[in-house]
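Quick notes on the structure that follows.
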Amino acid sequence: MHKIMSDLHQDHVNLAKLLTLLAQQVEKLAAGDEVDLLLMSDIADYIRRYSDQIHHPKEDEIYRVFRACSNEAGELVEALLLEHQQLPDVTLDFQKALESVINDTAILTRQELHDQIVAFISTQQAHLDAEEGGLFPLINTTFQAADWAVVEQGIQEHAADPLFGVHIMDRYRNLHQLMKERQRA
Ligand SMILES: [Fe+2]
Ligand SMILES: [Fe+2]
């Protein structure tokens, strides 16, 4: 597998861990327990900052090259490209909703909060599954070295991951610590 694909796959593994954390918060809500709104807001912030702005543009480049060299899975490619345009707003809306509850500028019932988190998880999970289970395997078997050369030229930025990378952004220190503890458990 090309390094770009293994890196993108690792991003998916990382994202899935964050979605699991969100799912645990949903369970807490359903059980009537306190939830960690700040933690969820940090997760949304990371997804906005990394998945939406760094991860998806790399995939866009790959999907465009794939579309030019293969007629396979045309609808899936178009759907994923469209989702890349829509997901930043989905993430921002989710983060805003959490922050409005944190800042007391909006009152959401537990059920409304529950539903918003569930909807966010399922949107992210569906996108991830379509890539991991649908398009990524096709790309891995279709692309030749020349295709990767085109992709490499098109990807200008290899920005560092501010949560799972070497340098952790201050905002994500709590989240990072929690992930480390979960790994040890
Ligand atoms: Fe994607
Ligand atoms: Fe992805």
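Residue numbers start at 1 in each chain; chains themselves are named A, B, ... in the order of the structure tokens; ligands are numbered from 1 in the order shown.
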
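Backbone DSSP over segment 93-124 of chain A gives alpha helix (DSSP H) for Asp93, Phe94, Gln95, Lys96, Ala97, Leu98, Glu99, Ser100, Val101, Ile102, Arg110, Gln111, Glu112, Leu113, His114, Asp115, Gln116, Ile117, Val118, Ala119, Phe120, Ile121, Ser122, Thr123 and Gln124 of chain A.
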
Dump C-alpha atoms for the selected residues as a compact mmCIF listing (two decimals), in the first residue's frame?
# COMPACT_ATOMS: atom_id res chain seq x y z
CA ASP A 93 -22.67 23.09 13.29
CA PHE A 94 -22.00 20.27 15.74
CA GLN A 95 -19.20 22.20 17.43
CA LYS A 96 -21.34 25.35 17.62
CA ALA A 97 -24.21 23.41 19.18
CA LEU A 98 -21.89 22.00 21.86
CA GLU A 99 -20.33 25.39 22.53
CA SER A 100 -23.70 27.09 22.82
CA VAL A 101 -24.60 24.60 25.56
CA ILE A 102 -21.22 25.13 27.25
CA ARG A 110 -30.86 15.89 26.88
CA GLN A 111 -32.78 14.21 24.07
CA GLU A 112 -31.85 16.96 21.59
CA LEU A 113 -28.20 16.79 22.59
CA HIS A 114 -28.33 12.99 22.37
CA ASP A 115 -29.85 13.14 18.88
CA GLN A 116 -27.29 15.66 17.63
CA ILE A 117 -24.35 13.55 18.82
CA VAL A 118 -25.86 10.37 17.36
CA ALA A 119 -26.47 12.09 14.01
CA PHE A 120 -22.91 13.43 13.93
CA ILE A 121 -21.40 10.02 14.70
CA SER A 122 -23.46 8.30 12.05
CA THR A 123 -22.60 10.88 9.36
CA GLN A 124 -18.88 10.56 10.10

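Residues in contact with Glu72 of chain A at 10 Å, where only C-alpha atoms are counted and same-chain residues fewer than 5 positions away are skipped, are listed as A:Phe66, A:Arg67, A:Val77, A:Leu135, A:Leu138, A:Ile139, A:Thr142.
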
Take the residues just selected and output them with C-alpha atoms as a CSV table (one decimal), in the first residue's frame.
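That gives us selection_12.csv:
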chain,number,residue,atom,x,y,z
A,66,PHE,CA,-9.0,7.9,-9.7
A,67,ARG,CA,-12.0,9.4,-11.6
A,77,VAL,CA,-16.6,8.9,-6.0
A,135,LEU,CA,-13.2,3.2,-2.5
A,138,LEU,CA,-10.4,-0.1,-5.3
A,139,ILE,CA,-7.7,2.7,-5.3
A,142,THR,CA,-6.0,0.3,-9.4

Next on the checklist: Residues contacting ligand 1 - anything with an atom at most 10 Å away, using only C-alpha atoms and all ligand atoms - can you give me those as a PyMOL selection string?
Outcome noted: chain A and resi 8+12+51-52+55-60+63+80-85+87+124+127-132+135

C-alpha atoms of the current selection, written as an mmCIF file, in the first residue's frame:
data_model
loop_
_atom_site.group_PDB
_atom_site.id
_atom_site.type_symbol
_atom_site.label_atom_id
_atom_site.label_comp_id
_atom_site.auth_asym_id
_atom_site.auth_seq_id
_atom_site.Cartn_x
_atom_site.Cartn_y
_atom_site.Cartn_z
ATOM 1 C CA LEU A 8 -5.038 8.134 5.408
ATOM 2 C CA HIS A 12 -9.470 6.736 9.824
ATOM 3 C CA SER A 51 -10.157 15.748 8.984
ATOM 4 C CA ASP A 52 -11.958 18.535 7.168
ATOM 5 C CA HIS A 55 -7.323 14.757 5.467
ATOM 6 C CA HIS A 56 -10.147 15.392 3.003
ATOM 7 C CA PRO A 57 -8.184 17.611 0.591
ATOM 8 C CA LYS A 58 -5.655 14.751 0.199
ATOM 9 C CA GLU A 59 -8.480 12.328 -0.551
ATOM 10 C CA ASP A 60 -9.970 14.838 -3.005
ATOM 11 C CA TYR A 63 -10.340 10.680 -5.983
ATOM 12 C CA LEU A 80 -17.623 11.156 -1.379
ATOM 13 C CA LEU A 81 -16.358 14.311 -3.104
ATOM 14 C CA LEU A 82 -19.685 15.992 -2.369
ATOM 15 C CA GLU A 83 -19.547 14.882 1.258
ATOM 16 C CA HIS A 84 -16.115 16.476 1.558
ATOM 17 C CA GLN A 85 -17.747 19.766 0.645
ATOM 18 C CA LEU A 87 -18.720 17.794 6.121
ATOM 19 C CA GLN A 124 -18.878 10.558 10.100
ATOM 20 C CA HIS A 127 -18.345 8.458 5.299
ATOM 21 C CA LEU A 128 -15.468 6.547 6.833
ATOM 22 C CA ASP A 129 -17.047 3.155 6.060
ATOM 23 C CA ALA A 130 -17.687 4.121 2.431
ATOM 24 C CA GLU A 131 -14.013 4.978 2.036
ATOM 25 C CA GLU A 132 -12.516 2.069 3.970
ATOM 26 C CA LEU A 135 -13.226 3.208 -2.499
#

Item to check | For segment 167-184 of chain A: contacts at 12 Å, only C-alpha atoms, fewer than 4 positions along chain excluded, given as a VMD selection string | outcome: chain A and resid 14 to 22 36 to 47 49 to 50 159 to 163

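The space separating atom CA of Val26 of chain A from atom CA of Leu108 of chain A comes to 14.4 Å.
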
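Those residues that approach segment 144-146 of chain A to within 12 Å, counting only C-alpha atoms, are Met1, His2, Lys3, Val65, Phe66, Cys69, Ser70, Leu138, Ile139, Val151, Glu152 and Gln153 of chain A; same-chain residues fewer than 5 positions away are not listed.
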
Checklist outcome for this item: Between A:Ala68, A:Val150, A:Ala126, A:Ala30, smallest distance to ligand 2 by only C-alpha atoms and all ligand atoms belongs to A:Ala126

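Proximity ranking of A:Val13, A:Ala79, A:Val35, A:Ala23 relative to Phe164 of chain A places A:Val13 first, based on only C-alpha atoms.
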
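Remark: for Thr109 of chain A, the closest of the candidate residues A:Ala185, A:Gln24, A:His9, A:Gly32 is A:Gly32 (distances computed over only C-alpha atoms).
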